Amino acid sequence: MVTLKIDEMPVRVPEGSTLLQAAQKLGIWIPTLCHHEALTPTGGCRLCVVEIKRDTTSQVVSSCVYKAEEGLEVQTATEKIRGIRRCIIELLLAEAPGAKVLQDLARDLGVKPVKRFSPRGELCIACGRCVRACSEIVGVSAIGFAKRGYEKLAVSPFYERAENCIGCGTCAEVCPTGAIRLTDIAEGETAYAADGTTIQGPARIIENWKVALKLKTCKECGEAFAPENQLAYFSNKAGLPENYYDVCRHCRT
Ligand code: SF4
Ligand code: FES
């Protein structure tokens, strides 16, 4: 265990905990974007910055990756920190002004709308949560990043159909900005995938990754409940019988 002070309050946390976890234990709010508790932290967006003090020096660090140290003094809301966070949100909001999470953070942090940067027309802020979830949670690594800096975006490999995508939707689940366009179409409907192919419902379309995948229909209730590729992937991984997913989970119990 290590003991440190955050905003003058002492807190004791297990060794290896991050400053963000220590602050959360005290109920202190630190804004985050690229961080997700189920994923490896990368310290990419820098929104979670805090100021640490050791002897006479101070340093700005990302609290989602910086580990708690014995005797450390941490300030989470100094004027300098608030200024950095405002600037980050201002930049991100300029890139993706339609992202509700950014609008809310802008309001909470007192960021005024500015016109000094031009919007990119995308909701993706390249936080990497979808890419990490696809690799770390699902294990298929179907997507990645293209370009760098201001133009960096999560995309399918070579902007083609993401061949490894099983359509599970975990990417859309963890995306903070709602940038991933996932639609399920019903039986009798036709959809056009972003790669130009057509598919009959029931199916799942994920525009960003250019995939259109058939949904499995439950033999009992007739409801389309999950992409066939996802079920095949899970069955294979878990060594389930071939007919295990013939019925949905509601009809199985
Ligand atoms: S699509 Fe969403 S989760 Fe993926 S990098 Fe962009 S903002 Fe992050
Ligand atoms: S939330 Fe810590 S760097 Fe993004």
# chains A, B, ... in the order shown; residues from 1 in each chain; ligands from 1

call {"tool": "residues_near_ligand", "arguments": {"ligand": "ligand 2", "cutoff": "12 Å", "atoms": "only C-alpha atoms and all ligand atoms", "output": "PyMOL selection string"}}
result
chain A and resi 18-21+29-37+39-50+60-66+85+88-89+125-129+176

call {"tool": "residues_near_ligand", "arguments": {"ligand": "ligand 1", "cutoff": "9 Å", "atoms": "only C-alpha atoms and all ligand atoms", "output": "number ranges by chain"}}
result
A: 33-34, 122-133, 144-145, 152-155, 171-180, 208

call {"tool": "residues_around", "arguments": {"residues": "stretch 218-228 of chain A", "least_positions_apart": "6", "cutoff": "12 Å", "atoms": "only C-alpha atoms", "output": "VMD selection string"}}
result
chain A and resid 165 to 169 183 to 187 201 to 206 211 to 212 234 to 235 243 to 253

call {"tool": "write_last_selection", "arguments": {"atoms": "N, CA and C atoms", "output": "short mmCIF file (atom, residue, chain, number, x, y, z; two decimals), in the first residue's frame"}}
result
data_model
loop_
_atom_site.label_atom_id
_atom_site.label_comp_id
_atom_site.auth_asym_id
_atom_site.auth_seq_id
_atom_site.Cartn_x
_atom_site.Cartn_y
_atom_site.Cartn_z
N CYS A 165 -13.59 -8.43 -38.67
CA CYS A 165 -14.68 -7.92 -37.82
C CYS A 165 -15.77 -8.98 -37.69
N ILE A 166 -16.16 -9.27 -36.44
CA ILE A 166 -17.21 -10.26 -36.22
C ILE A 166 -18.55 -9.57 -35.92
N GLY A 167 -18.54 -8.24 -35.92
CA GLY A 167 -19.78 -7.48 -35.76
C GLY A 167 -20.31 -7.42 -34.34
N CYS A 168 -19.46 -7.68 -33.35
CA CYS A 168 -19.95 -7.76 -31.96
C CYS A 168 -20.43 -6.41 -31.42
N GLY A 169 -19.88 -5.31 -31.96
CA GLY A 169 -20.32 -3.98 -31.53
C GLY A 169 -19.62 -3.46 -30.29
N THR A 183 -25.74 -0.19 -37.41
CA THR A 183 -27.20 -0.29 -37.61
C THR A 183 -27.59 -1.74 -37.82
N ASP A 184 -28.66 -2.17 -37.17
CA ASP A 184 -29.22 -3.49 -37.44
C ASP A 184 -30.44 -3.31 -38.33
N ILE A 185 -30.50 -4.10 -39.40
CA ILE A 185 -31.69 -4.03 -40.26
C ILE A 185 -32.51 -5.32 -40.09
N ALA A 186 -33.81 -5.18 -40.25
CA ALA A 186 -34.72 -6.30 -40.00
C ALA A 186 -34.89 -7.18 -41.23
N GLU A 187 -35.50 -8.32 -41.04
CA GLU A 187 -35.82 -9.24 -42.13
C GLU A 187 -36.67 -8.50 -43.17
N GLY A 201 -31.71 -8.23 -44.78
CA GLY A 201 -31.86 -8.37 -43.34
C GLY A 201 -32.37 -9.76 -42.97
N PRO A 202 -32.23 -10.17 -41.75
CA PRO A 202 -31.63 -9.41 -40.66
C PRO A 202 -30.11 -9.37 -40.76
N ALA A 203 -29.58 -8.17 -40.59
CA ALA A 203 -28.14 -7.99 -40.74
C ALA A 203 -27.66 -6.80 -39.93
N ARG A 204 -26.37 -6.78 -39.69
CA ARG A 204 -25.75 -5.66 -38.96
C ARG A 204 -24.75 -4.96 -39.89
N ILE A 205 -24.90 -3.65 -39.96
CA ILE A 205 -24.00 -2.85 -40.79
C ILE A 205 -23.14 -2.01 -39.85
N ILE A 206 -21.84 -2.05 -40.03
CA ILE A 206 -20.97 -1.10 -39.32
C ILE A 206 -20.23 -0.32 -40.41
N VAL A 211 -18.42 -3.13 -43.02
CA VAL A 211 -18.90 -4.51 -42.94
C VAL A 211 -20.43 -4.57 -42.90
N ALA A 212 -20.94 -5.66 -43.46
CA ALA A 212 -22.37 -5.98 -43.41
C ALA A 212 -22.44 -7.47 -43.12
N PHE A 234 -17.26 -17.12 -31.00
CA PHE A 234 -17.39 -17.52 -29.60
C PHE A 234 -17.44 -19.04 -29.46
N SER A 235 -18.22 -19.71 -30.33
CA SER A 235 -18.37 -21.17 -30.26
C SER A 235 -17.01 -21.82 -30.42
N ASN A 243 -24.68 -26.59 -32.52
CA ASN A 243 -26.05 -26.05 -32.47
C ASN A 243 -26.30 -25.18 -31.21
N TYR A 244 -25.25 -24.84 -30.47
CA TYR A 244 -25.42 -24.13 -29.20
C TYR A 244 -26.17 -22.81 -29.40
N TYR A 245 -25.85 -22.10 -30.45
CA TYR A 245 -26.48 -20.79 -30.69
C TYR A 245 -27.67 -20.86 -31.64
N ASP A 246 -28.30 -22.04 -31.76
CA ASP A 246 -29.51 -22.12 -32.57
C ASP A 246 -30.64 -21.33 -31.92
N VAL A 247 -30.56 -21.21 -30.58
CA VAL A 247 -31.57 -20.42 -29.88
C VAL A 247 -30.91 -19.27 -29.13
N CYS A 248 -31.64 -18.20 -28.91
CA CYS A 248 -31.09 -17.04 -28.20
C CYS A 248 -31.03 -17.33 -26.70
N ARG A 249 -30.39 -16.45 -25.95
CA ARG A 249 -30.19 -16.73 -24.52
C ARG A 249 -31.52 -16.73 -23.75
N HIS A 250 -32.50 -15.95 -24.25
CA HIS A 250 -33.79 -15.91 -23.54
C HIS A 250 -34.50 -17.27 -23.67
N CYS A 251 -34.42 -17.86 -24.87
CA CYS A 251 -35.12 -19.14 -25.09
C CYS A 251 -34.35 -20.31 -24.50
N ARG A 252 -33.05 -20.10 -24.25
CA ARG A 252 -32.26 -21.20 -23.70
C ARG A 252 -32.54 -21.40 -22.21
N THR A 253 -32.92 -20.32 -21.52
CA THR A 253 -33.09 -20.44 -20.06
C THR A 253 -34.54 -20.79 -19.70
#

call {"tool": "closest_residue", "arguments": {"among": "A:Pro119, A:Gln59, A:Trp209, A:Ile81", "to": "A:Gly98", "atoms": "only C-alpha atoms"}}
result
A:Pro119

call {"tool": "select_by_dssp", "arguments": {"residues": "stretch 41-147 of chain A", "states": "strand (DSSP E or B)", "output": "list in words"}}
result
Val49, Val50, Glu51, Ile52, Lys53, Arg54, Thr57, Ser58, Gln59, Val60, Val61, Ser62, Lys67, Glu73, Val74, Gln75, Gly144, Phe145 and Ala146 of chain A

call {"tool": "write_last_selection", "arguments": {"atoms": "C-alpha atoms", "output": "PDB file, in the first residue's frame"}}
result
ATOM      1  CA  VAL A  49      -3.722  15.746 -16.281  1.00  0.00           C
ATOM      2  CA  VAL A  50      -2.920  16.635 -12.668  1.00  0.00           C
ATOM      3  CA  GLU A  51      -0.041  18.451 -11.025  1.00  0.00           C
ATOM      4  CA  ILE A  52       2.338  16.540  -8.769  1.00  0.00           C
ATOM      5  CA  LYS A  53       4.718  18.131  -6.279  1.00  0.00           C
ATOM      6  CA  ARG A  54       7.977  16.676  -5.031  1.00  0.00           C
ATOM      7  CA  THR A  57       9.485  20.939  -8.198  1.00  0.00           C
ATOM      8  CA  SER A  58       6.126  20.381  -9.809  1.00  0.00           C
ATOM      9  CA  GLN A  59       5.205  18.367 -12.870  1.00  0.00           C
ATOM     10  CA  VAL A  60       2.095  17.844 -14.990  1.00  0.00           C
ATOM     11  CA  VAL A  61       1.293  14.148 -15.543  1.00  0.00           C
ATOM     12  CA  SER A  62      -1.567  12.068 -16.933  1.00  0.00           C
ATOM     13  CA  LYS A  67       1.340   5.453 -10.591  1.00  0.00           C
ATOM     14  CA  GLU A  73       1.292  15.501  -3.245  1.00  0.00           C
ATOM     15  CA  VAL A  74      -1.196  15.832  -6.061  1.00  0.00           C
ATOM     16  CA  GLN A  75      -3.354  18.775  -7.109  1.00  0.00           C
ATOM     17  CA  GLY A 144      -6.523   0.262 -36.436  1.00  0.00           C
ATOM     18  CA  PHE A 145      -5.467   3.835 -37.075  1.00  0.00           C
ATOM     19  CA  ALA A 146      -4.692   5.739 -40.240  1.00  0.00           C
TER      20      ALA A 146
END

call {"tool": "atom_distance", "arguments": {"atom1": "atom CA of A:Ala232", "atom2": "atom CA of A:Lys216"}}
result
10.3 Å

call {"tool": "select_by_dssp", "arguments": {"residues": "stretch 29-97 of chain A", "states": "helix (DSSP H, G or I)", "output": "PyMOL selection string"}}
result
chain A and resi 79-95

call {"tool": "write_last_selection", "arguments": {"atoms": "N, CA and C atoms", "output": "compact mmCIF listing (two decimals), in the first residue's frame"}}
result
# COMPACT_ATOMS: atom_id res chain seq x y z
N GLU A 79 -5.13 26.21 -11.42
CA GLU A 79 -5.45 27.05 -12.59
C GLU A 79 -4.73 26.52 -13.82
N LYS A 80 -3.47 26.10 -13.61
CA LYS A 80 -2.68 25.56 -14.73
C LYS A 80 -3.37 24.31 -15.32
N ILE A 81 -3.81 23.42 -14.45
CA ILE A 81 -4.47 22.17 -14.89
C ILE A 81 -5.77 22.48 -15.61
N ARG A 82 -6.54 23.40 -15.04
CA ARG A 82 -7.83 23.74 -15.67
C ARG A 82 -7.59 24.34 -17.05
N GLY A 83 -6.53 25.13 -17.17
CA GLY A 83 -6.20 25.77 -18.45
C GLY A 83 -5.82 24.72 -19.49
N ILE A 84 -5.03 23.73 -19.07
CA ILE A 84 -4.62 22.67 -20.01
C ILE A 84 -5.85 21.89 -20.48
N ARG A 85 -6.71 21.54 -19.53
CA ARG A 85 -7.91 20.76 -19.90
C ARG A 85 -8.80 21.57 -20.84
N ARG A 86 -8.94 22.86 -20.57
CA ARG A 86 -9.79 23.69 -21.43
C ARG A 86 -9.23 23.72 -22.85
N CYS A 87 -7.92 23.81 -22.94
CA CYS A 87 -7.28 23.88 -24.26
C CYS A 87 -7.47 22.56 -25.02
N ILE A 88 -7.33 21.44 -24.31
CA ILE A 88 -7.52 20.12 -24.95
C ILE A 88 -8.95 19.99 -25.48
N ILE A 89 -9.91 20.37 -24.64
CA ILE A 89 -11.31 20.25 -25.06
C ILE A 89 -11.61 21.20 -26.22
N GLU A 90 -11.01 22.38 -26.16
CA GLU A 90 -11.21 23.35 -27.24
C GLU A 90 -10.74 22.76 -28.58
N LEU A 91 -9.58 22.12 -28.54
CA LEU A 91 -9.03 21.50 -29.76
C LEU A 91 -9.90 20.34 -30.24
N LEU A 92 -10.29 19.48 -29.29
CA LEU A 92 -11.09 18.31 -29.68
C LEU A 92 -12.47 18.73 -30.17
N LEU A 93 -13.02 19.73 -29.52
CA LEU A 93 -14.34 20.21 -29.91
C LEU A 93 -14.30 20.84 -31.31
N ALA A 94 -13.18 21.46 -31.61
CA ALA A 94 -13.03 22.05 -32.94
C ALA A 94 -12.98 20.94 -33.99
N GLU A 95 -12.37 19.82 -33.64
CA GLU A 95 -12.29 18.68 -34.57
C GLU A 95 -13.65 18.03 -34.74

call {"tool": "residues_around", "arguments": {"residues": "A:Glu15", "least_positions_apart": "3", "cutoff": "9 Å", "atoms": "only C-alpha atoms", "output": "MDAnalysis selection string"}}
result
chainID A and resid 1:2 18 67:70

call {"tool": "write_last_selection", "arguments": {"atoms": "N, CA and C atoms", "output": "short mmCIF file (atom, residue, chain, number, x, y, z; two decimals), in the first residue's frame"}}
result
data_model
loop_
_atom_site.label_atom_id
_atom_site.label_comp_id
_atom_site.auth_asym_id
_atom_site.auth_seq_id
_atom_site.Cartn_x
_atom_site.Cartn_y
_atom_site.Cartn_z
N MET A 1 0.84 -1.20 0.00
CA MET A 1 0.00 0.00 0.00
C MET A 1 0.88 1.25 0.00
N VAL A 2 0.41 2.30 -0.63
CA VAL A 2 1.12 3.59 -0.57
C VAL A 2 0.13 4.67 -0.11
N THR A 18 -3.15 3.82 -10.11
CA THR A 18 -2.86 5.09 -10.78
C THR A 18 -3.38 6.24 -9.91
N LYS A 67 1.57 6.29 -11.77
CA LYS A 67 1.34 5.45 -10.59
C LYS A 67 1.48 6.25 -9.28
N ALA A 68 0.65 5.91 -8.34
CA ALA A 68 0.70 6.54 -7.01
C ALA A 68 2.03 6.21 -6.34
N GLU A 69 2.61 7.23 -5.68
CA GLU A 69 3.89 7.03 -4.98
C GLU A 69 3.74 7.47 -3.53
N GLU A 70 4.49 6.85 -2.68
CA GLU A 70 4.47 7.18 -1.25
C GLU A 70 4.84 8.66 -1.05
#
